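Asks: This is upload06.cif, which holds mmCIF, C-alpha atoms:
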data_start
loop_
_atom_site.label_atom_id
_atom_site.label_comp_id
_atom_site.auth_asym_id
_atom_site.auth_seq_id
_atom_site.Cartn_x
_atom_site.Cartn_y
_atom_site.Cartn_z
CA SER A 1 -34.96 130.39 42.60
CA THR A 2 -35.70 126.69 42.34
CA CYS A 3 -34.81 125.89 38.72
CA ARG A 4 -31.50 124.74 37.26
CA LYS A 5 -29.90 122.84 34.40
CA ALA A 6 -29.21 119.16 34.95
CA SER A 7 -25.78 117.69 35.48
CA ARG A 8 -24.31 115.26 32.93
CA SER A 9 -25.28 112.25 35.06
CA GLU A 10 -28.80 113.53 35.40
CA THR A 11 -29.07 114.04 31.65
CA LYS A 12 -28.03 110.40 31.11
CA MET A 13 -30.77 109.37 33.53
CA VAL A 14 -33.32 111.35 31.51
CA THR A 15 -32.12 109.79 28.26
CA LYS A 16 -32.53 106.26 29.66
CA LEU A 17 -35.92 107.02 31.14
CA THR A 18 -37.18 108.73 27.99
CA THR A 19 -36.00 105.85 25.81
CA ALA A 20 -37.78 103.37 28.05
CA ARG A 21 -40.95 105.43 27.86
CA ALA A 22 -40.70 105.57 24.06
CA ARG A 23 -40.30 101.77 23.78
CA SER A 24 -43.33 101.24 26.01
CA GLY A 25 -45.42 103.70 23.98
CA ALA A 26 -45.41 106.42 26.63
CA VAL A 27 -44.03 109.01 24.19
CA GLY A 28 -46.35 109.80 21.33
CA ARG A 29 -50.05 110.32 20.81
CA ALA A 30 -51.06 109.96 24.43
CA ARG A 31 -48.86 112.82 25.63
CA VAL A 32 -51.48 115.55 25.11
CA PRO A 33 -55.22 115.00 25.68
CA ALA A 34 -57.14 116.28 22.65
CA ALA A 35 -59.45 118.26 24.90
CA SER A 36 -56.48 120.34 26.05
CA LEU A 37 -55.61 121.49 22.50
CA SER A 38 -57.11 123.69 19.85
CA PRO A 39 -59.13 121.71 17.24
CA ALA A 40 -56.31 122.07 14.71
CA ALA A 41 -53.71 120.78 17.15
CA ALA A 42 -55.96 117.91 18.20
CA ARG A 43 -56.24 116.75 14.58
CA ALA A 44 -52.50 116.94 13.89
CA PRO A 45 -50.98 113.53 13.02
CA PHE A 46 -48.33 111.95 15.23
CA SER A 47 -44.83 112.51 13.92
CA ARG A 48 -42.03 109.98 14.34
CA THR A 49 -39.68 112.92 14.12
CA SER A 50 -41.24 114.46 17.21
CA ALA A 51 -40.88 111.14 19.06
CA ARG A 52 -37.19 110.97 18.17
CA ALA A 53 -36.77 114.57 19.29
CA ALA A 54 -38.40 113.73 22.58
CA ARG A 55 -35.82 110.99 23.14
CA SER A 56 -32.91 113.36 22.57
CA PRO A 57 -31.43 115.25 25.53
CA ARG A 58 -30.48 117.93 23.04
CA ASN A 59 -34.13 118.69 22.34
CA ALA A 60 -34.87 122.33 23.12
CA GLY A 61 -37.82 121.41 25.28
CA LEU A 62 -36.07 118.71 27.29
CA ARG A 63 -34.58 120.85 30.00
CA PRO A 64 -34.34 119.24 33.42
CA VAL A 65 -35.36 121.63 36.17
CA ARG A 66 -35.24 121.64 39.93
CA THR A 67 -38.39 121.59 41.98
CA LEU A 68 -37.89 122.70 45.56
CA GLY A 69 -34.42 121.29 45.87
CA ARG A 70 -35.10 117.90 44.27
CA TRP A 71 -34.40 117.12 40.61
CA SER A 72 -37.50 115.73 38.96
CA PRO A 73 -37.20 113.42 35.91
CA LYS A 74 -40.95 113.82 35.35
CA SER A 75 -40.61 117.56 34.87
CA SER A 76 -37.55 117.04 32.68
CA LEU A 77 -39.48 114.92 30.20
CA LYS A 78 -41.85 117.70 29.25
CA CYS A 79 -40.70 118.34 25.71
CA ALA A 80 -42.93 121.09 24.38
CA ALA A 81 -45.71 118.56 24.50
CA THR A 82 -48.44 120.72 23.01
CA GLY A 83 -46.43 121.59 19.92
CA GLY A 84 -48.67 124.65 19.79
CA PRO A 85 -48.66 128.26 20.96
CA LEU A 86 -48.69 127.52 24.69
CA GLU A 87 -46.02 125.60 26.62
CA ALA A 88 -45.83 127.30 30.03
CA LEU A 89 -48.21 128.92 32.50
CA LEU A 90 -46.53 131.44 34.80
CA TRP A 91 -48.75 132.27 37.78
CA ASP A 92 -48.57 135.17 40.15
CA CYS A 93 -49.56 134.18 43.68
CA ASP A 94 -51.22 136.95 45.70
CA GLY A 95 -54.54 137.97 44.17
CA VAL A 96 -54.31 135.24 41.53
CA ILE A 97 -53.93 131.86 43.22
CA LEU A 98 -55.72 133.22 46.28
CA LEU A 99 -57.42 136.44 47.31
CA SER A 100 -54.79 137.48 49.80
CA GLU A 101 -54.49 141.23 49.45
CA HIS A 102 -56.82 141.87 52.40
CA LEU A 103 -54.72 139.43 54.45
CA HIS A 104 -51.52 141.25 53.50
CA ARG A 105 -53.10 144.57 54.45
CA GLU A 106 -54.24 143.22 57.81
CA ALA A 107 -50.76 141.80 58.47
CA TYR A 108 -49.11 145.14 57.66
CA ASN A 109 -51.49 146.93 60.03
CA LYS A 110 -50.67 144.40 62.77
CA SER A 111 -46.99 145.17 62.26
CA PHE A 112 -47.59 148.93 62.28
CA SER A 113 -49.56 148.60 65.52
CA HIS A 114 -46.95 146.37 67.18
CA HIS A 115 -44.12 148.76 66.29
CA GLU A 116 -46.21 151.88 67.11
CA ILE A 117 -45.65 153.38 63.67
CA GLU A 118 -46.77 157.03 63.64
CA ILE A 119 -46.44 159.49 60.77
CA THR A 120 -48.92 161.87 62.42
CA LYS A 121 -48.14 162.17 66.13
CA GLY A 122 -50.58 160.20 68.26
CA GLU A 123 -52.04 158.25 65.30
CA THR A 124 -50.86 154.72 64.52
CA LEU A 125 -50.53 154.19 60.77
CA VAL A 126 -53.35 152.16 59.23
CA TRP A 127 -53.48 151.18 55.57
CA THR A 128 -57.13 151.29 54.50
CA GLU A 129 -58.57 149.32 51.58
CA ALA A 130 -58.37 152.42 49.39
CA ILE A 131 -54.71 152.96 50.28
CA TYR A 132 -53.81 149.34 49.64
CA ASP A 133 -55.63 149.32 46.28
CA VAL A 134 -53.31 152.15 45.20
CA LEU A 135 -50.25 150.36 46.54
CA GLN A 136 -50.94 147.02 44.85
CA ASN A 137 -51.50 148.73 41.50
CA THR A 138 -48.39 150.89 41.85
CA VAL A 139 -45.60 148.99 43.64
CA GLY A 140 -44.58 145.34 43.65
CA GLY A 141 -43.25 143.67 46.80
CA GLY A 142 -43.78 144.38 50.50
CA LYS A 143 -40.65 146.32 51.40
CA PRO A 144 -40.89 148.54 48.29
CA LYS A 145 -44.52 149.30 49.20
CA MET A 146 -43.54 150.57 52.66
CA ARG A 147 -40.54 152.49 51.36
CA TRP A 148 -42.66 154.09 48.63
CA TRP A 149 -45.33 155.11 51.17
CA PHE A 150 -42.87 156.52 53.70
CA ASN A 151 -40.94 158.44 51.02
CA LYS A 152 -44.21 159.97 49.87
CA HIS A 153 -45.86 160.69 53.22
CA GLY A 154 -42.91 160.97 55.60
CA TRP A 155 -40.87 158.50 57.61
CA PRO A 156 -42.50 157.57 60.91
CA THR A 157 -41.53 157.46 64.53
CA HIS A 158 -41.71 154.00 66.06
CA LYS A 159 -41.41 152.06 69.29
CA GLY A 160 -38.14 152.94 70.98
CA SER A 161 -37.50 156.06 68.91
CA SER A 162 -39.19 159.44 69.16
CA THR A 163 -37.59 160.63 65.91
CA PRO A 164 -37.92 159.23 62.38
CA PRO A 165 -34.97 157.34 60.86
CA GLU A 166 -32.63 159.61 58.96
CA THR A 167 -29.90 157.50 57.35
CA ASP A 168 -30.43 154.83 54.70
CA ASP A 169 -29.24 152.20 57.14
CA GLU A 170 -31.77 153.29 59.77
CA LYS A 171 -34.58 153.30 57.22
CA THR A 172 -33.63 149.86 55.93
CA ALA A 173 -33.48 148.48 59.47
CA LEU A 174 -36.98 149.76 60.22
CA ILE A 175 -38.37 148.31 56.99
CA ASP A 176 -36.76 144.96 57.78
CA GLN A 177 -38.27 144.88 61.28
CA LEU A 178 -41.73 145.73 59.97
CA GLN A 179 -41.50 143.13 57.21
CA ASP A 180 -40.30 140.35 59.52
CA TYR A 181 -43.23 140.87 61.88
CA LYS A 182 -45.65 141.20 58.96
CA ILE A 183 -44.55 137.86 57.47
CA GLU A 184 -45.30 135.99 60.69
CA ALA A 185 -48.66 137.74 61.07
CA TYR A 186 -49.50 136.84 57.46
CA LYS A 187 -48.63 133.19 58.02
CA ASP A 188 -51.06 133.04 60.95
CA LEU A 189 -53.82 134.53 58.80
CA ILE A 190 -53.09 132.16 55.87
CA ALA A 191 -53.16 129.09 58.09
CA ASN A 192 -56.63 129.94 59.37
CA THR A 193 -58.49 131.58 56.47
CA ALA A 194 -56.85 131.11 53.04
CA GLU A 195 -58.30 129.12 50.15
CA ALA A 196 -57.51 129.05 46.44
CA ARG A 197 -59.54 131.07 43.96
CA PRO A 198 -61.99 129.01 41.87
CA GLY A 199 -60.51 127.20 38.88
CA VAL A 200 -56.85 127.84 39.68
CA LEU A 201 -55.83 124.42 41.00
CA ARG A 202 -57.82 122.65 38.26
CA LEU A 203 -56.09 124.67 35.52
CA MET A 204 -52.69 123.96 37.03
CA LYS A 205 -53.45 120.24 37.08
CA GLU A 206 -54.80 120.23 33.51
CA ALA A 207 -51.77 122.13 32.23
CA ARG A 208 -49.42 119.69 33.92
CA GLU A 209 -51.31 116.72 32.47
CA ALA A 210 -51.10 118.33 29.03
CA GLY A 211 -47.31 118.42 29.32
CA MET A 212 -47.04 122.15 29.96
CA TYR A 213 -44.73 123.75 32.47
CA VAL A 214 -46.37 125.28 35.54
CA ALA A 215 -44.48 127.96 37.47
CA VAL A 216 -45.23 130.45 40.24
CA CYS A 217 -43.54 133.86 40.07
CA SER A 218 -44.36 136.04 43.06
CA ALA A 219 -42.81 139.33 44.12
CA SER A 220 -43.69 138.58 47.75
CA ALA A 221 -41.22 137.40 50.38
CA LYS A 222 -40.20 133.78 49.87
CA PRO A 223 -41.19 132.52 53.36
CA SER A 224 -44.71 133.92 52.89
CA VAL A 225 -45.16 132.43 49.43
CA ILE A 226 -43.81 129.00 50.39
CA PHE A 227 -46.06 128.86 53.45
CA CYS A 228 -49.04 130.02 51.38
CA LEU A 229 -48.52 127.53 48.54
CA ASN A 230 -47.89 124.62 50.90
CA ASN A 231 -51.20 125.37 52.60
CA LEU A 232 -53.14 125.78 49.34
CA LEU A 233 -51.51 123.13 47.13
CA GLY A 234 -50.21 120.69 49.69
CA GLU A 235 -46.53 119.75 49.81
CA GLU A 236 -46.84 117.12 47.06
CA GLN A 237 -48.45 119.48 44.54
CA PHE A 238 -46.07 122.26 45.52
CA ASN A 239 -43.14 119.97 44.75
CA LEU A 240 -44.59 119.36 41.27
CA LEU A 241 -44.13 123.01 40.31
CA ASP A 242 -41.58 123.22 37.52
CA CYS A 243 -40.28 126.52 38.79
CA PHE A 244 -40.89 128.76 41.78
CA ILE A 245 -39.39 132.24 41.99
CA ALA A 246 -40.00 134.74 44.81
CA GLY A 247 -39.08 138.37 45.22
CA SER A 248 -35.81 137.58 46.97
CA ASP A 249 -34.65 135.56 43.94
CA VAL A 250 -34.43 138.59 41.65
CA SER A 251 -32.79 142.01 41.85
CA ASN A 252 -35.76 143.97 40.51
CA LEU A 253 -39.37 143.43 41.52
CA LYS A 254 -42.51 143.86 39.42
CA PRO A 255 -43.35 145.90 37.37
CA ASP A 256 -39.81 145.13 36.23
CA PRO A 257 -39.99 142.06 33.95
CA GLU A 258 -36.95 140.32 35.52
CA ILE A 259 -38.95 137.68 37.39
CA TYR A 260 -40.73 136.49 34.24
CA ASN A 261 -37.60 136.69 32.10
CA THR A 262 -35.81 134.59 34.70
CA ALA A 263 -38.55 131.94 34.76
CA CYS A 264 -38.57 131.76 30.96
CA GLU A 265 -34.80 131.31 30.83
CA ARG A 266 -34.72 128.69 33.58
CA LEU A 267 -37.50 126.65 31.98
CA GLY A 268 -35.98 126.98 28.52
CA VAL A 269 -39.25 128.05 26.91
CA ASP A 270 -39.64 130.68 24.22
CA LYS A 271 -41.36 133.84 25.49
CA SER A 272 -43.95 133.59 22.74
CA LYS A 273 -45.10 130.25 24.17
CA CYS A 274 -45.55 131.51 27.75
CA LEU A 275 -48.74 132.84 29.31
CA VAL A 276 -48.68 134.90 32.50
CA ILE A 277 -51.69 134.99 34.85
CA GLU A 278 -51.86 138.18 36.89
CA ASP A 279 -54.37 140.33 38.77
CA SER A 280 -52.98 143.88 38.73
CA MET A 281 -51.43 146.54 36.52
CA VAL A 282 -48.09 145.97 38.24
CA GLY A 283 -48.16 142.33 37.16
CA LEU A 284 -49.47 143.10 33.67
CA ASN A 285 -46.68 145.62 33.11
CA ALA A 286 -44.12 143.03 34.23
CA ALA A 287 -45.52 140.46 31.79
CA MET A 288 -45.67 142.92 28.91
CA GLY A 289 -42.17 144.14 29.72
CA ALA A 290 -41.05 140.52 29.32
CA GLU A 291 -42.91 140.38 25.97
CA MET A 292 -45.27 137.68 27.22
CA ASP A 293 -49.02 137.39 26.78
CA CYS A 294 -51.01 137.94 29.95
CA VAL A 295 -54.37 136.87 31.35
CA ILE A 296 -55.87 139.08 34.05
CA THR A 297 -58.09 137.61 36.75
CA TYR A 298 -59.17 140.76 38.53
CA HIS A 299 -60.84 141.22 41.91
CA SER A 300 -62.46 144.04 43.88
CA GLY A 301 -59.13 145.78 44.42
CA THR A 302 -58.16 145.88 40.74
CA GLU A 303 -61.40 145.68 38.72
CA GLY A 304 -61.31 149.41 37.94
CA GLU A 305 -58.04 149.17 36.02
CA ALA A 306 -58.08 149.31 32.20
CA PHE A 307 -55.62 146.41 31.77
CA GLU A 308 -54.71 147.57 28.27
CA GLY A 309 -52.59 144.95 26.56
CA ALA A 310 -54.03 141.90 28.35
CA LYS A 311 -55.24 139.03 26.17
CA LEU A 312 -58.09 137.88 28.45
CA ILE A 313 -59.71 139.73 31.38
CA VAL A 314 -62.00 137.77 33.68
CA ASN A 315 -63.02 137.84 37.31
CA ASP A 316 -63.52 134.11 37.74
CA LEU A 317 -61.45 131.26 36.30
CA SER A 318 -63.92 128.54 37.29
CA GLU A 319 -65.49 128.50 33.81
CA ILE A 320 -62.19 128.98 31.95
CA LYS A 321 -60.72 125.93 30.19
CA LEU A 322 -57.13 125.30 29.21
CA GLU A 323 -58.13 125.63 25.56
CA ASP A 324 -59.37 129.17 26.35
CA PHE A 325 -55.83 130.05 27.40
CA VAL A 326 -54.54 128.61 24.11
CA ALA A 327 -57.19 130.50 22.13
CA CYS A 328 -56.50 133.86 23.75
CA LYS A 329 -52.89 133.72 22.55
CA GLN A 330 -54.06 133.25 18.97
CA ARG A 331 -56.80 135.89 19.12
CA GLU A 332 -56.02 139.51 18.23
CA SER A 333 -58.96 141.03 20.12
CA VAL A 334 -59.22 140.99 23.92
CA VAL A 335 -62.09 139.30 25.77
CA ASP A 336 -63.13 141.35 28.82
CA ASP A 337 -66.01 139.96 30.88
CA ARG A 338 -66.62 143.40 32.40
CA ILE A 339 -67.83 144.65 29.02
CA VAL A 340 -70.04 141.59 28.50
CA ASN A 341 -71.58 142.05 31.93
CA GLN A 342 -72.25 145.72 31.29
CA GLU A 343 -73.97 144.98 27.99
CA ALA A 344 -76.08 142.28 29.64
#
In structure tokens, what does this structure look like?
Replies:
Amino acid sequence: STCRKASRSETKMVTKLTTARARSGAVGRARVPAASLSPAAARAPFSRTSARAARSPRNAGLRPVRTLGRWSPKSSLKCAATGGPLEALLWDCDGVILLSEHLHREAYNKSFSHHEIEITKGETLVWTEAIYDVLQNTVGGGKPKMRWWFNKHGWPTHKGSSTPPETDDEKTALIDQLQDYKIEAYKDLIANTAEARPGVLRLMKEAREAGMYVAVCSASAKPSVIFCLNNLLGEEQFNLLDCFIAGSDVSNLKPDPEIYNTACERLGVDKSKCLVIEDSMVGLNAAMGAEMDCVITYHSGTEGEAFEGAKLIVNDLSEIKLEDFVACKQRESVVDDRIVNQEA
């Protein structure tokens, strides 16, 4: 992953920079825009104690992190700026930042066609929308999806082999070949058609300006996610992410909570102050397994799921404000726009 603790020399640099900011008035009231907080938090008086804490490298929130290979003092100076219930937004990528599931499905089918994958003799395997809806709500990660499908429906023959793979090594080799081709096909599709879902980039920017951590935690292959985020965010915004973790950075993929536990540990934020944004039951189960609150932004492939345990369930984030994320953590009841729409 792309997060780490700072070295001793880096910590000294943060201390000097933070002290300079404090003397110039950069640490204090102006750290969090009132519009980004709950009314109670917005009215809270400035505390000299909190300013001193911000200047101390021992402060629990002052944890330098690595962003894409470069240490960032700006990220390191985020010291639990909100002082409220929300300090970090942890975003899934596929289906959340962009509607990419149909692109993934198309890329898999291109790979199946290229490798002449046949479970039924004479019929090249094609994952339909219905099949992929089941997969994305059942299994996290590309290779696990294929392995799950082949274990359930039979291992296929493929180009250059008239018999299915039998040993674990042969099965792994086939999965690797299919995934490698799929990644390149997906990159081509992303470069030509992808765009971010409404509201996502704005919420990321507002959270960053409010002093919150912003991380992306995707179970997809790292090359695909990096290429996707660079295209959607631009290299500069991508580099501003406080943490980026892909499927290859963890041992267990969603619905296992490891990816979110890892992000929480690397950022140094309490789980209770994190909010995960997901689109599927696989992601929701990962967030709940990590004991983190979760917002669901569903789409046509996942709208039929119950999403029991989510704090907020909406199709579109364009009307959602950062303060709505804060409020949903404090609210006991769930807001589900599917119910509102049905009643209307």
Asks: Taking only C-alpha atoms into account, which of A:Val295, A:Ala185, A:Val200, A:Leu267 comes nearest Asp324 of chain A?
Replies: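 The answer is A:Val295, which sits nearest to Asp324 of chain A.
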Asks: If you count only C-alpha atoms, which residues fall within 12 Å of Ile339 of chain A, apart from same-chain ones fewer than 4 positions away, as a PDB file with C-alpha atoms, in the coordinates of the input?
Replies:
ATOM      1  CA  GLU A 303     -61.400 145.680  38.720  1.00  0.00           C
ATOM      2  CA  ALA A 306     -58.080 149.310  32.200  1.00  0.00           C
ATOM      3  CA  LEU A 312     -58.090 137.880  28.450  1.00  0.00           C
ATOM      4  CA  ILE A 313     -59.710 139.730  31.380  1.00  0.00           C
ATOM      5  CA  VAL A 314     -62.000 137.770  33.680  1.00  0.00           C
ATOM      6  CA  ASN A 315     -63.020 137.840  37.310  1.00  0.00           C
ATOM      7  CA  VAL A 334     -59.220 140.990  23.920  1.00  0.00           C
ATOM      8  CA  VAL A 335     -62.090 139.300  25.770  1.00  0.00           C
ATOM      9  CA  GLU A 343     -73.970 144.980  27.990  1.00  0.00           C
ATOM     10  CA  ALA A 344     -76.080 142.280  29.640  1.00  0.00           C
TER      11      ALA A 344
END
Asks: Enumerate, as a PyMOL selection string, the residues matched when the PyMOL selection byres ((chain A and resi 112) around 12) is run on the file above.
Replies: chain A and resi 105-111+113-119+123-127+146+156-159+174-175+177-182+185
Asks: Dump C-alpha atoms for the selected residues as a PDB file, in the coordinates of the input?
Replies:
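Output file out-v4.pdb follows:
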ATOM      1  CA  ARG A 105     -53.100 144.570  54.450  1.00  0.00           C
ATOM      2  CA  GLU A 106     -54.240 143.220  57.810  1.00  0.00           C
ATOM      3  CA  ALA A 107     -50.760 141.800  58.470  1.00  0.00           C
ATOM      4  CA  TYR A 108     -49.110 145.140  57.660  1.00  0.00           C
ATOM      5  CA  ASN A 109     -51.490 146.930  60.030  1.00  0.00           C
ATOM      6  CA  LYS A 110     -50.670 144.400  62.770  1.00  0.00           C
ATOM      7  CA  SER A 111     -46.990 145.170  62.260  1.00  0.00           C
ATOM      8  CA  SER A 113     -49.560 148.600  65.520  1.00  0.00           C
ATOM      9  CA  HIS A 114     -46.950 146.370  67.180  1.00  0.00           C
ATOM     10  CA  HIS A 115     -44.120 148.760  66.290  1.00  0.00           C
ATOM     11  CA  GLU A 116     -46.210 151.880  67.110  1.00  0.00           C
ATOM     12  CA  ILE A 117     -45.650 153.380  63.670  1.00  0.00           C
ATOM     13  CA  GLU A 118     -46.770 157.030  63.640  1.00  0.00           C
ATOM     14  CA  ILE A 119     -46.440 159.490  60.770  1.00  0.00           C
ATOM     15  CA  GLU A 123     -52.040 158.250  65.300  1.00  0.00           C
ATOM     16  CA  THR A 124     -50.860 154.720  64.520  1.00  0.00           C
ATOM     17  CA  LEU A 125     -50.530 154.190  60.770  1.00  0.00           C
ATOM     18  CA  VAL A 126     -53.350 152.160  59.230  1.00  0.00           C
ATOM     19  CA  TRP A 127     -53.480 151.180  55.570  1.00  0.00           C
ATOM     20  CA  MET A 146     -43.540 150.570  52.660  1.00  0.00           C
ATOM     21  CA  PRO A 156     -42.500 157.570  60.910  1.00  0.00           C
ATOM     22  CA  THR A 157     -41.530 157.460  64.530  1.00  0.00           C
ATOM     23  CA  HIS A 158     -41.710 154.000  66.060  1.00  0.00           C
ATOM     24  CA  LYS A 159     -41.410 152.060  69.290  1.00  0.00           C
ATOM     25  CA  LEU A 174     -36.980 149.760  60.220  1.00  0.00           C
ATOM     26  CA  ILE A 175     -38.370 148.310  56.990  1.00  0.00           C
ATOM     27  CA  GLN A 177     -38.270 144.880  61.280  1.00  0.00           C
ATOM     28  CA  LEU A 178     -41.730 145.730  59.970  1.00  0.00           C
ATOM     29  CA  GLN A 179     -41.500 143.130  57.210  1.00  0.00           C
ATOM     30  CA  ASP A 180     -40.300 140.350  59.520  1.00  0.00           C
ATOM     31  CA  TYR A 181     -43.230 140.870  61.880  1.00  0.00           C
ATOM     32  CA  LYS A 182     -45.650 141.200  58.960  1.00  0.00           C
ATOM     33  CA  ALA A 185     -48.660 137.740  61.070  1.00  0.00           C
TER      34      ALA A 185
END
Asks: So which residues get picked by the PyMOL selection byres ((chain A and resi 222-235) around 8) here, written as a ChimeraX atom specification?
Replies: /A:93,183,186-187,190-191,194-196,201,218,220-221,236-239,246-248
Asks: Between A:Val216, A:Ile259, A:Ala130, A:Leu253, single out the one closest to Lys145 of chain A, counting all atoms listed in the file.
Replies: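 So, comparing all the options, the nearest one is A:Leu253.
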Asks: Taking the file as I've supplied it (selection: the PyMOL selection byres ((chain A and resi 330) around 12)), which residues are included? Please answer as a compact mmCIF listing (two decimals) with C-alpha atoms, keeping the file's coordinate frame.
Replies:
# COMPACT_ATOMS: atom_id res chain seq x y z
CA SER A 38 -57.11 123.69 19.85
CA GLY A 84 -48.67 124.65 19.79
CA PRO A 85 -48.66 128.26 20.96
CA LEU A 86 -48.69 127.52 24.69
CA SER A 272 -43.95 133.59 22.74
CA LYS A 273 -45.10 130.25 24.17
CA LEU A 275 -48.74 132.84 29.31
CA ASP A 293 -49.02 137.39 26.78
CA LYS A 311 -55.24 139.03 26.17
CA LEU A 312 -58.09 137.88 28.45
CA GLU A 323 -58.13 125.63 25.56
CA ASP A 324 -59.37 129.17 26.35
CA PHE A 325 -55.83 130.05 27.40
CA VAL A 326 -54.54 128.61 24.11
CA ALA A 327 -57.19 130.50 22.13
CA CYS A 328 -56.50 133.86 23.75
CA LYS A 329 -52.89 133.72 22.55
CA ARG A 331 -56.80 135.89 19.12
CA GLU A 332 -56.02 139.51 18.23
CA SER A 333 -58.96 141.03 20.12
CA VAL A 334 -59.22 140.99 23.92
Asks: Just checking: using all atoms listed in the file, which residue out of A:Thr302, A:Ser162, A:Thr297, A:Thr167 ends up closest to Asp337 of chain A?
Replies: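 The answer is A:Thr297, which sits nearest to Asp337 of chain A.
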Asks: Which distance in Å separates atom CA of Leu284 of chain A and atom CA of Thr172 of chain A, to one decimal?
Replies: 28.1 Å
Asks: Which distance in Å separates atom CA of Arg266 of chain A and atom CA of Glu87 of chain A, to one decimal?
Replies: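 We find that atom CA of Arg266 of chain A and atom CA of Glu87 of chain A lie 13.6 Å from each other.
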Asks: Nearest to Val139 of chain A: which of A:Val250, A:Ala287, A:Ala219, A:Met204 is it, counting all atoms listed in the file?
Replies: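 When distances to Val139 of chain A are compared using all atoms listed in the file, the smallest one comes from A:Ala219.
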Asks: Just give me the gap between atom CA of Gly289 of chain A and atom CA of Pro257 of chain A in Å, one decimal is fine.
Replies: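 Atom-to-atom, atom CA of Gly289 of chain A to atom CA of Pro257 of chain A, that is 5.2 Å.
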Asks: Pick the closest to Ala286 of chain A from A:Arg338, A:His102, A:Lys205, A:Lys254: which is it, counting only C-alpha atoms?
Replies: A:Lys254
Asks: Which one is closest to Phe244 of chain A: A:Val276, A:Cys264, A:Val134, A:Cys217? Count all atoms listed in the file.
Replies: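 That would be A:Cys217, the residue with the smallest distance to Phe244 of chain A.
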